[in-house]
2 protein chains.
Amino acid sequence: MSGSRARAPDRARAGPGRGAARSGTGIVRTPLRSEVRRRLMDRMLRGDPAPGAGINEGRLAAELGVSRTPLREALLGLEWEGFVRTEPGRGFSVQPLTSREAEEIYPMLWTLEGLALRAGGWPRGQLAELERINARLGLAGGDAGAALECDVRWHRALLERCRNRSLLEAIAALKNRAYRYETHYMRDSGRVITSFTQHQAIASAIRSGDEPEALRLLEANWRVSLEFLEPWLRSGPARERKATQ
Amino acid sequence: MSGSRARAPDRARAGPGRGAARSGTGIVRTPLRSEVRRRLMDRMLRGDPAPGAGINEGRLAAELGVSRTPLREALLGLEWEGFVRTEPGRGFSVQPLTSREAEEIYPMLWTLEGLALRAGGWPRGQLAELERINARLGLAGGDAGAALECDVRWHRALLERCRNRSLLEAIAALKNRAYRYETHYMRDSGRVITSFTQHQAIASAIRSGDEPEALRLLEANWRVSLEFLEPWLRSGPARERKATQ
DNA sequence: AGCGGCGATTCTGTATACAAAATACGCTCC
DNA sequence: GGAGCGTATTTTGTATACAGAATCGCCGCT
């Protein structure tokens, strides 16, 4: 915790050349809003500003040690990604978790991931990589964090071959939205959604060149997650603060 | 035209209650950034800041009669939608039209529109609406503006039945990106992409309940547009200004 | 005691200020 | 005449200021 109530300008005193620098090396100066966005997303995935809670710009900016400007820019980005919403004179609030949203997102996810998968051409080595990651997932067992991490990695490897950058970005954004649901579910219920067997099946369908089957299995895989979430969402996930403004 | 070099604060003097007001009636106060975003999108669709051109925030803000703050917020939104991009210390520029992007977008479009279409349940009246709009498209003939307008309407009517709001938003954003390509193509080449016959075929497939066929035709419909665009994009669309900063 | 109105306070939305980086420009030196 | 360098200017990215709206709390009234 230490002294995290830093006033905004503190950070700015860091001297010239902020995040990283120099154009020659290919190292990029990242705008503050990007870093703020990442930090915020992290925190929200941990439920820090809880779903449904209002967001006080001034306070949050101070906590993060930046001014309201990059914070608002980050929040507007998160709005696009479905993490927060705004009501016209009342500012930002964390998007509540709803069965409706979950039911909307997952079909998009398996549809788009299917599209991305169809691109491929599967060299041997990449399939092996998939199976290696999945093995680790198998070992992760009940450790929710590690399991989710492996799951994310596995799906990333699955799309390795896809060259459609816009598609990958869209999928990544949707996955973040889904990820938010899954982390909250796991923390709240203590249960872990595990896809070990399904991943094996998908990989073996790919290995045998049966693409339609792979796509069906992939959809089924996502659908399982959704079906875990639905009863939980309907029964009202715990920790519903309405206005921790 | 008249005196459009208004300094920023001018607009703010409009007195209390800006865009529209009162919460009781359901009329919403729209944030300035939203209006700016719409205006910018309109202009960019007309090629006003041409693809590839840099954007000078100060100048553009003055032209629009607002300060840089809501302008930047609008531009960040347009970045998400693929209209604009930023380079870390160099600000915004209009995203160039590339065959690569077109090839990335259209498949997403037909895939997601297909997903949205599968939701339906097609009551008679809605099919009739589709055909009515398409009839108007048939009459529009060589008038590029009217034709595109009808096309957009037709696709909107096609998704009328879909209740997945997130999906509809994603589709709308993608359509805007595609729309940008098509308007530029038509203005630049003088040609009009017309989907009259294909729309008829899709509607009749729906009428006869042949969903897979409708989906195939829908994909084909988008693919035609893409195939018009590709040679044009490769041969380098006219008016490529690099830095009208 | 509950309800409604009114003033004080907080907060958002937008405008402006400011520092550092990028660019443009001219000047010197070869 | 051209390349290189150093300075002036512009422009972005971020911080701050400010106005108006929303919210909160208190008080009086019923």
# chains A, B, ... in the order shown; residues from 1 in each chain; ligands from 1

$ residues_around --residues "Arg90 in chain A" --least-positions-apart "4" --cutoff "12 Å" --atoms "only C-alpha atoms (C1' of nucleotides)" --output "ChimeraX atom specification"
/A:54-57,85-86,243,245 /B:23,29,31 /C:10-13 /D:21-23

$ select_by_dssp --residues "range 10-244 of chain B" --states "strand (DSSP E)" --output "number ranges by chain"
B: 84-87, 91-94

$ write_last_selection --atoms "N, CA and C atoms" --output "compact mmCIF listing (two decimals), in the first residue's frame"
# COMPACT_ATOMS: atom_id res chain seq x y z
N VAL B 84 -9.33 6.20 -37.75
CA VAL B 84 -8.22 7.08 -37.44
C VAL B 84 -7.17 6.26 -36.71
N ARG B 85 -5.93 6.68 -36.82
CA ARG B 85 -4.93 6.00 -36.03
C ARG B 85 -4.04 7.03 -35.36
N THR B 86 -3.29 6.62 -34.34
CA THR B 86 -2.39 7.57 -33.70
C THR B 86 -0.99 7.00 -33.70
N GLU B 87 -0.06 7.90 -33.84
CA GLU B 87 1.33 7.53 -33.66
C GLU B 87 1.79 8.30 -32.43
N GLY B 91 0.42 12.38 -32.98
CA GLY B 91 -0.99 12.68 -33.09
C GLY B 91 -1.78 11.77 -34.00
N PHE B 92 -2.94 12.26 -34.39
CA PHE B 92 -3.88 11.46 -35.16
C PHE B 92 -3.67 11.65 -36.66
N SER B 93 -4.00 10.60 -37.39
CA SER B 93 -4.11 10.75 -38.84
C SER B 93 -5.22 9.84 -39.33
N VAL B 94 -5.79 10.19 -40.46
CA VAL B 94 -6.86 9.38 -41.00
C VAL B 94 -6.28 8.07 -41.51

$ residues_around --residues "range 223-232 of chain A" --least-positions-apart "4" --cutoff "10 Å" --atoms "only C-alpha atoms (C1' of nucleotides)" --output "VMD selection string"
chain A and resid 98 to 100 102 to 103 105 to 107 109 to 110 178 181 to 182 184 to 186 188 to 189 191 to 195 198 217 to 219 236 to 238

$ write_last_selection --atoms "N, CA and C atoms" --output "mmCIF file, in the first residue's frame"
data_model
loop_
_atom_site.group_PDB
_atom_site.id
_atom_site.type_symbol
_atom_site.label_atom_id
_atom_site.label_comp_id
_atom_site.auth_asym_id
_atom_site.auth_seq_id
_atom_site.Cartn_x
_atom_site.Cartn_y
_atom_site.Cartn_z
ATOM 1 N N THR A 98 -24.171 -9.203 -16.414
ATOM 2 C CA THR A 98 -25.541 -9.632 -16.671
ATOM 3 C C THR A 98 -25.551 -10.872 -17.542
ATOM 4 N N SER A 99 -26.554 -11.684 -17.338
ATOM 5 C CA SER A 99 -26.661 -12.873 -18.178
ATOM 6 C C SER A 99 -26.887 -12.433 -19.620
ATOM 7 N N ARG A 100 -27.573 -11.344 -19.770
ATOM 8 C CA ARG A 100 -27.802 -10.844 -21.122
ATOM 9 C C ARG A 100 -26.494 -10.606 -21.872
ATOM 10 N N ALA A 102 -23.522 -11.757 -21.219
ATOM 11 C CA ALA A 102 -22.799 -13.013 -21.430
ATOM 12 C C ALA A 102 -23.385 -13.761 -22.624
ATOM 13 N N GLU A 103 -24.689 -13.803 -22.682
ATOM 14 C CA GLU A 103 -25.331 -14.516 -23.788
ATOM 15 C C GLU A 103 -25.081 -13.841 -25.129
ATOM 16 N N ILE A 105 -22.178 -12.119 -25.814
ATOM 17 C CA ILE A 105 -20.762 -12.135 -26.145
ATOM 18 C C ILE A 105 -20.266 -13.488 -26.633
ATOM 19 N N TYR A 106 -20.645 -14.535 -25.919
ATOM 20 C CA TYR A 106 -20.057 -15.831 -26.229
ATOM 21 C C TYR A 106 -20.324 -16.297 -27.657
ATOM 22 N N PRO A 107 -21.531 -16.139 -28.167
ATOM 23 C CA PRO A 107 -21.734 -16.533 -29.565
ATOM 24 C C PRO A 107 -20.832 -15.768 -30.529
ATOM 25 N N LEU A 109 -17.984 -14.684 -29.843
ATOM 26 C CA LEU A 109 -16.637 -15.185 -29.614
ATOM 27 C C LEU A 109 -16.397 -16.476 -30.384
ATOM 28 N N TRP A 110 -17.291 -17.437 -30.249
ATOM 29 C CA TRP A 110 -17.004 -18.686 -30.947
ATOM 30 C C TRP A 110 -17.161 -18.519 -32.454
ATOM 31 N N ALA A 178 -15.208 -11.535 -21.828
ATOM 32 C CA ALA A 178 -15.554 -12.853 -21.297
ATOM 33 C C ALA A 178 -14.709 -13.163 -20.054
ATOM 34 N N TYR A 181 -16.034 -11.877 -16.912
ATOM 35 C CA TYR A 181 -17.073 -12.724 -16.339
ATOM 36 C C TYR A 181 -16.478 -13.929 -15.630
ATOM 37 N N GLU A 182 -15.503 -14.544 -16.288
ATOM 38 C CA GLU A 182 -14.988 -15.789 -15.740
ATOM 39 C C GLU A 182 -14.195 -15.567 -14.466
ATOM 40 N N HIS A 184 -14.612 -13.192 -12.293
ATOM 41 C CA HIS A 184 -15.548 -12.903 -11.207
ATOM 42 C C HIS A 184 -16.275 -14.157 -10.771
ATOM 43 N N TYR A 185 -16.657 -14.945 -11.728
ATOM 44 C CA TYR A 185 -17.345 -16.187 -11.395
ATOM 45 C C TYR A 185 -16.479 -17.072 -10.518
ATOM 46 N N MET A 186 -15.232 -17.228 -10.941
ATOM 47 C CA MET A 186 -14.362 -18.144 -10.205
ATOM 48 C C MET A 186 -14.069 -17.636 -8.811
ATOM 49 N N ASP A 188 -15.871 -15.635 -7.076
ATOM 50 C CA ASP A 188 -17.088 -15.571 -6.288
ATOM 51 C C ASP A 188 -17.592 -16.945 -5.874
ATOM 52 N N SER A 189 -17.505 -17.889 -6.794
ATOM 53 C CA SER A 189 -18.073 -19.205 -6.507
ATOM 54 C C SER A 189 -17.015 -20.181 -6.012
ATOM 55 N N ARG A 191 -15.343 -21.948 -7.822
ATOM 56 C CA ARG A 191 -15.212 -23.050 -8.764
ATOM 57 C C ARG A 191 -14.285 -22.659 -9.905
ATOM 58 N N VAL A 192 -13.764 -23.655 -10.594
ATOM 59 C CA VAL A 192 -12.880 -23.392 -11.721
ATOM 60 C C VAL A 192 -13.469 -24.011 -12.980
ATOM 61 N N ILE A 193 -13.550 -23.211 -14.016
ATOM 62 C CA ILE A 193 -14.007 -23.736 -15.299
ATOM 63 C C ILE A 193 -12.802 -24.324 -16.013
ATOM 64 N N THR A 194 -12.863 -25.575 -16.336
ATOM 65 C CA THR A 194 -11.700 -26.215 -16.927
ATOM 66 C C THR A 194 -12.032 -26.840 -18.277
ATOM 67 N N SER A 195 -11.151 -26.625 -19.227
ATOM 68 C CA SER A 195 -11.452 -27.042 -20.588
ATOM 69 C C SER A 195 -10.470 -28.078 -21.085
ATOM 70 N N GLN A 198 -11.743 -30.767 -23.510
ATOM 71 C CA GLN A 198 -12.220 -30.170 -24.755
ATOM 72 C C GLN A 198 -11.070 -29.703 -25.634
ATOM 73 N N LEU A 217 -16.485 -28.305 -31.976
ATOM 74 C CA LEU A 217 -15.933 -28.504 -30.633
ATOM 75 C C LEU A 217 -15.542 -27.178 -29.982
ATOM 76 N N LEU A 218 -15.035 -26.311 -30.822
ATOM 77 C CA LEU A 218 -14.643 -25.006 -30.308
ATOM 78 C C LEU A 218 -15.866 -24.265 -29.766
ATOM 79 N N GLU A 219 -16.921 -24.279 -30.544
ATOM 80 C CA GLU A 219 -18.153 -23.649 -30.078
ATOM 81 C C GLU A 219 -18.621 -24.290 -28.780
ATOM 82 N N GLY A 236 -27.763 -13.871 -9.264
ATOM 83 C CA GLY A 236 -27.211 -12.646 -8.714
ATOM 84 C C GLY A 236 -25.861 -12.863 -8.087
ATOM 85 N N PRO A 237 -24.794 -12.568 -8.847
ATOM 86 C CA PRO A 237 -23.443 -12.701 -8.338
ATOM 87 C C PRO A 237 -23.303 -11.896 -7.053
ATOM 88 N N ALA A 238 -22.496 -12.387 -6.155
ATOM 89 C CA ALA A 238 -22.308 -11.684 -4.887
ATOM 90 C C ALA A 238 -21.661 -10.326 -5.134
#

$ residues_around --residues "range 120-126 of chain A" --least-positions-apart "4" --cutoff "8 Å" --atoms "only C-alpha atoms (C1' of nucleotides)" --output "list of chain:residue names"
A:Ala116, A:Leu130, A:Ala157, A:Arg161, A:Cys162, A:Ile206

$ select_by_dssp --residues "range 19-245 of chain A" --states "alpha helix (DSSP H)" --output "PyMOL selection string"
chain A and resi 32-45+57-64+68-80+99-118+124-140+144-158+165-189+196-207+211-234

$ write_last_selection --atoms "C-alpha atoms" --output "compact mmCIF listing (two decimals), in the first residue's frame"
# COMPACT_ATOMS: atom_id res chain seq x y z
CA LEU A 32 -0.16 7.47 -20.41
CA ARG A 33 -3.71 6.59 -21.31
CA SER A 34 -2.60 3.16 -22.48
CA GLU A 35 -0.90 2.34 -19.26
CA VAL A 36 -3.80 3.66 -17.26
CA ARG A 37 -6.11 1.54 -19.36
CA ARG A 38 -4.10 -1.58 -18.58
CA ARG A 39 -3.97 -0.84 -14.90
CA LEU A 40 -7.68 -0.16 -14.79
CA MET A 41 -8.51 -3.32 -16.64
CA ASP A 42 -6.37 -5.31 -14.25
CA ARG A 43 -8.07 -3.78 -11.27
CA MET A 44 -11.52 -4.32 -12.68
CA LEU A 45 -10.75 -7.93 -13.45
CA GLU A 57 -12.83 10.41 -11.66
CA GLY A 58 -11.07 12.69 -9.26
CA ARG A 59 -10.49 10.05 -6.64
CA LEU A 60 -9.46 7.37 -9.10
CA ALA A 61 -7.09 9.72 -10.89
CA ALA A 62 -5.43 10.57 -7.60
CA GLU A 63 -5.13 6.89 -6.71
CA LEU A 64 -3.43 6.21 -10.01
CA ARG A 68 -8.25 13.22 -15.02
CA THR A 69 -7.39 13.67 -18.69
CA PRO A 70 -5.59 10.38 -19.43
CA LEU A 71 -7.90 8.64 -16.99
CA ARG A 72 -10.96 9.74 -18.93
CA GLU A 73 -9.32 8.73 -22.18
CA ALA A 74 -8.64 5.30 -20.75
CA LEU A 75 -12.19 5.01 -19.47
CA LEU A 76 -13.61 5.91 -22.85
CA GLY A 77 -11.52 3.12 -24.31
CA LEU A 78 -12.83 0.71 -21.71
CA GLU A 79 -16.32 1.83 -22.55
CA TRP A 80 -15.77 0.65 -26.11
CA SER A 99 -26.66 -12.87 -18.18
CA ARG A 100 -27.80 -10.84 -21.12
CA GLU A 101 -24.33 -9.59 -21.92
CA ALA A 102 -22.80 -13.01 -21.43
CA GLU A 103 -25.33 -14.52 -23.79
CA GLU A 104 -24.52 -11.86 -26.32
CA ILE A 105 -20.76 -12.14 -26.14
CA TYR A 106 -20.06 -15.83 -26.23
CA PRO A 107 -21.73 -16.53 -29.57
CA MET A 108 -19.74 -13.71 -31.12
CA LEU A 109 -16.64 -15.18 -29.61
CA TRP A 110 -17.00 -18.69 -30.95
CA THR A 111 -18.15 -17.38 -34.30
CA LEU A 112 -15.18 -15.09 -34.74
CA GLU A 113 -12.71 -17.54 -33.32
CA GLY A 114 -14.08 -20.05 -35.78
CA LEU A 115 -13.48 -17.61 -38.59
CA ALA A 116 -9.94 -17.04 -37.42
CA LEU A 117 -9.31 -20.74 -37.12
CA ARG A 118 -10.40 -21.45 -40.66
CA ARG A 124 3.22 -29.81 -36.89
CA GLY A 125 5.13 -27.68 -34.43
CA GLN A 126 2.22 -25.47 -33.65
CA LEU A 127 -0.05 -28.34 -32.83
CA ALA A 128 2.60 -29.60 -30.45
CA GLU A 129 2.68 -26.19 -28.83
CA LEU A 130 -1.07 -26.35 -28.34
CA GLU A 131 -0.79 -29.70 -26.67
CA ARG A 132 2.07 -28.57 -24.51
CA ILE A 133 0.07 -25.65 -23.19
CA ASN A 134 -2.91 -27.84 -22.60
CA ALA A 135 -0.80 -30.27 -20.64
CA ARG A 136 0.12 -27.45 -18.33
CA LEU A 137 -3.55 -26.60 -18.05
CA GLY A 138 -4.17 -30.18 -17.00
CA LEU A 139 -1.63 -29.81 -14.21
CA ALA A 140 -3.00 -26.49 -13.01
CA ALA A 144 -8.08 -20.73 -10.82
CA GLY A 145 -5.49 -18.14 -11.74
CA ALA A 146 -3.11 -20.56 -13.37
CA ALA A 147 -5.91 -22.36 -15.18
CA LEU A 148 -7.36 -19.21 -16.66
CA GLU A 149 -3.89 -18.10 -17.64
CA CYS A 150 -3.27 -21.37 -19.48
CA ASP A 151 -6.65 -21.22 -21.11
CA VAL A 152 -5.92 -17.77 -22.45
CA ARG A 153 -2.53 -18.90 -23.70
CA TRP A 154 -4.03 -21.91 -25.38
CA HIS A 155 -6.58 -19.89 -27.28
CA ARG A 156 -3.88 -17.45 -28.27
CA ALA A 157 -1.77 -20.26 -29.66
CA LEU A 158 -4.82 -21.55 -31.47
CA ARG A 165 -5.17 -8.34 -37.45
CA SER A 166 -8.55 -6.62 -37.18
CA LEU A 167 -10.14 -9.96 -36.45
CA LEU A 168 -7.60 -10.77 -33.80
CA GLU A 169 -8.17 -7.42 -32.16
CA ALA A 170 -11.91 -7.93 -32.12
CA ILE A 171 -11.47 -11.38 -30.65
CA ALA A 172 -9.07 -10.09 -28.03
CA ALA A 173 -11.53 -7.43 -26.95
CA LEU A 174 -14.34 -9.96 -26.71
CA LYS A 175 -12.13 -12.31 -24.76
CA ASN A 176 -11.39 -9.60 -22.27
CA ARG A 177 -15.08 -9.13 -21.77
CA ALA A 178 -15.55 -12.85 -21.30
CA TYR A 179 -12.50 -13.03 -19.07
CA ARG A 180 -14.09 -10.47 -16.79
CA TYR A 181 -17.07 -12.72 -16.34
CA GLU A 182 -14.99 -15.79 -15.74
CA THR A 183 -12.64 -14.27 -13.19
CA HIS A 184 -15.55 -12.90 -11.21
CA TYR A 185 -17.35 -16.19 -11.39
CA MET A 186 -14.36 -18.14 -10.20
CA ARG A 187 -13.51 -15.82 -7.38
CA ASP A 188 -17.09 -15.57 -6.29
CA SER A 189 -18.07 -19.21 -6.51
CA PHE A 196 -8.69 -29.60 -20.54
CA THR A 197 -10.59 -32.42 -22.22
CA GLN A 198 -12.22 -30.17 -24.75
CA HIS A 199 -8.92 -28.69 -25.77
CA GLN A 200 -7.57 -32.18 -26.35
CA ALA A 201 -10.54 -32.99 -28.54
CA ILE A 202 -10.15 -29.81 -30.56
CA ALA A 203 -6.46 -30.38 -31.08
CA SER A 204 -7.06 -33.93 -32.22
CA ALA A 205 -9.76 -32.80 -34.64
CA ILE A 206 -7.30 -30.34 -36.10
CA ARG A 207 -4.62 -32.98 -36.26
CA GLU A 211 -12.12 -28.72 -39.64
CA PRO A 212 -15.91 -28.72 -39.26
CA GLU A 213 -15.57 -30.96 -36.24
CA ALA A 214 -12.91 -28.67 -34.78
CA LEU A 215 -15.24 -25.73 -35.19
CA ARG A 216 -18.12 -27.55 -33.55
CA LEU A 217 -15.93 -28.50 -30.63
CA LEU A 218 -14.64 -25.01 -30.31
CA GLU A 219 -18.15 -23.65 -30.08
CA ALA A 220 -19.01 -26.32 -27.55
CA ASN A 221 -15.98 -25.31 -25.53
CA TRP A 222 -17.11 -21.72 -25.21
CA ARG A 223 -20.66 -22.80 -24.65
CA VAL A 224 -19.61 -24.76 -21.58
CA SER A 225 -18.20 -21.62 -20.01
CA LEU A 226 -21.37 -19.77 -20.79
CA GLU A 227 -23.45 -22.50 -19.21
CA PHE A 228 -21.41 -22.30 -16.06
CA LEU A 229 -21.97 -18.59 -15.91
CA GLU A 230 -25.66 -18.44 -16.59
CA PRO A 231 -27.11 -19.89 -13.40
CA TRP A 232 -24.60 -17.94 -11.37
CA LEU A 233 -25.52 -14.71 -13.13
CA ARG A 234 -29.22 -15.32 -12.74

$ atom_distance --atom1 "C1' of DA8 in chain D" --atom2 "C1' of DG26 in chain C"
9.8 Å

$ atom_distance --atom1 "C1' of DT9 in chain D" --atom2 "C1' of DA20 in chain C"
13.6 Å

$ closest_residue --among "A:Asn164, A:Ala53, A:Gly89, A:Gly82" --to "chain D" --atoms "only C-alpha atoms (C1' of nucleotides)"
A:Gly89

$ interface_residues --of "chain C" --to "chain B" --cutoff "10 Å" --atoms "only C-alpha atoms (C1' of nucleotides)" --output "ChimeraX atom specification"
/C:13-16,21-22

$ atom_distance --atom1 "C1' of DG20 in chain D" --atom2 "C1' of DG5 in chain C"
20.2 Å

$ interface_residues --of "chain D" --to "chain B" --cutoff "8 Å" --atoms "only C-alpha atoms (C1' of nucleotides)" --output "MDAnalysis selection string"
chainID D and resid 11:13 20

$ residues_around --residues "DA17 in chain C" --least-positions-apart "4" --cutoff "12 Å" --atoms "only C-alpha atoms (C1' of nucleotides)" --output "number ranges by chain"
D: 14-17

$ residues_around --residues "DG2 in chain D" --least-positions-apart "4" --cutoff "12 Å" --atoms "only C-alpha atoms (C1' of nucleotides)" --output "PyMOL selection string"
chain C and resi 28-30

$ write_last_selection --atoms "N, CA and C atoms (P, O5', C5', C4', C3', O3' and C1' of nucleotides)" --output "compact mmCIF listing (two decimals), in the first residue's frame"
# COMPACT_ATOMS: atom_id res chain seq x y z
P DT C 28 25.89 32.56 -40.20
O5' DT C 28 26.87 31.32 -40.00
C5' DT C 28 26.81 30.55 -38.79
C4' DT C 28 27.47 29.21 -39.03
C3' DT C 28 28.85 29.29 -39.70
O3' DT C 28 29.79 28.56 -38.93
C1' DT C 28 27.45 27.73 -40.83
P DC C 29 31.34 28.79 -39.14
O5' DC C 29 31.75 27.42 -39.86
C5' DC C 29 31.29 26.17 -39.31
C4' DC C 29 31.39 25.10 -40.38
C3' DC C 29 32.70 25.10 -41.17
O3' DC C 29 33.27 23.79 -41.09
C1' DC C 29 30.84 25.00 -42.64
P DC C 30 34.76 23.57 -41.55
O5' DC C 30 34.61 22.69 -42.86
C5' DC C 30 33.88 21.46 -42.78
C4' DC C 30 33.45 21.04 -44.18
C3' DC C 30 34.60 20.97 -45.19
O3' DC C 30 34.85 19.61 -45.52
C1' DC C 30 32.66 22.03 -46.12

$ closest_residue --among "B:Pro96, B:Ala119, B:Ser208, B:Ser235" --to "chain A" --atoms "only C-alpha atoms"
B:Ala119

$ closest_residue --among "A:Glu81, A:Gly52, A:Glu160, A:Gly47" --to "chain B" --atoms "only C-alpha atoms"
A:Glu81

$ decode --residues "range 10-27 of chain C" --atoms "C-alpha atoms (C1' of nucleotides)" --output "PDB file, in the first residue's frame"
ATOM      1  C1'  DT C  10     -19.388  17.516  -5.234  1.00  0.00           C
ATOM      2  C1'  DC C  11     -18.768  15.999  -9.642  1.00  0.00           C
ATOM      3  C1'  DT C  12     -18.797  15.872 -14.516  1.00  0.00           C
ATOM      4  C1'  DG C  13     -17.952  17.943 -19.049  1.00  0.00           C
ATOM      5  C1'  DT C  14     -15.417  21.223 -21.410  1.00  0.00           C
ATOM      6  C1'  DA C  15     -12.017  24.797 -21.901  1.00  0.00           C
ATOM      7  C1'  DT C  16      -7.540  26.413 -21.129  1.00  0.00           C
ATOM      8  C1'  DA C  17      -2.565  26.282 -19.567  1.00  0.00           C
ATOM      9  C1'  DC C  18       1.856  24.298 -19.748  1.00  0.00           C
ATOM     10  C1'  DA C  19       5.958  21.294 -20.584  1.00  0.00           C
ATOM     11  C1'  DA C  20       8.324  18.325 -23.482  1.00  0.00           C
ATOM     12  C1'  DA C  21       8.780  16.507 -28.008  1.00  0.00           C
ATOM     13  C1'  DA C  22       8.569  17.084 -32.829  1.00  0.00           C
ATOM     14  C1'  DT C  23       9.128  19.810 -36.753  1.00  0.00           C
ATOM     15  C1'  DA C  24      10.605  23.688 -39.496  1.00  0.00           C
ATOM     16  C1'  DC C  25      14.042  26.935 -40.549  1.00  0.00           C
ATOM     17  C1'  DG C  26      18.039  29.202 -41.204  1.00  0.00           C
ATOM     18  C1'  DC C  27      22.905  29.401 -40.638  1.00  0.00           C
TER      19       DC C  27
END
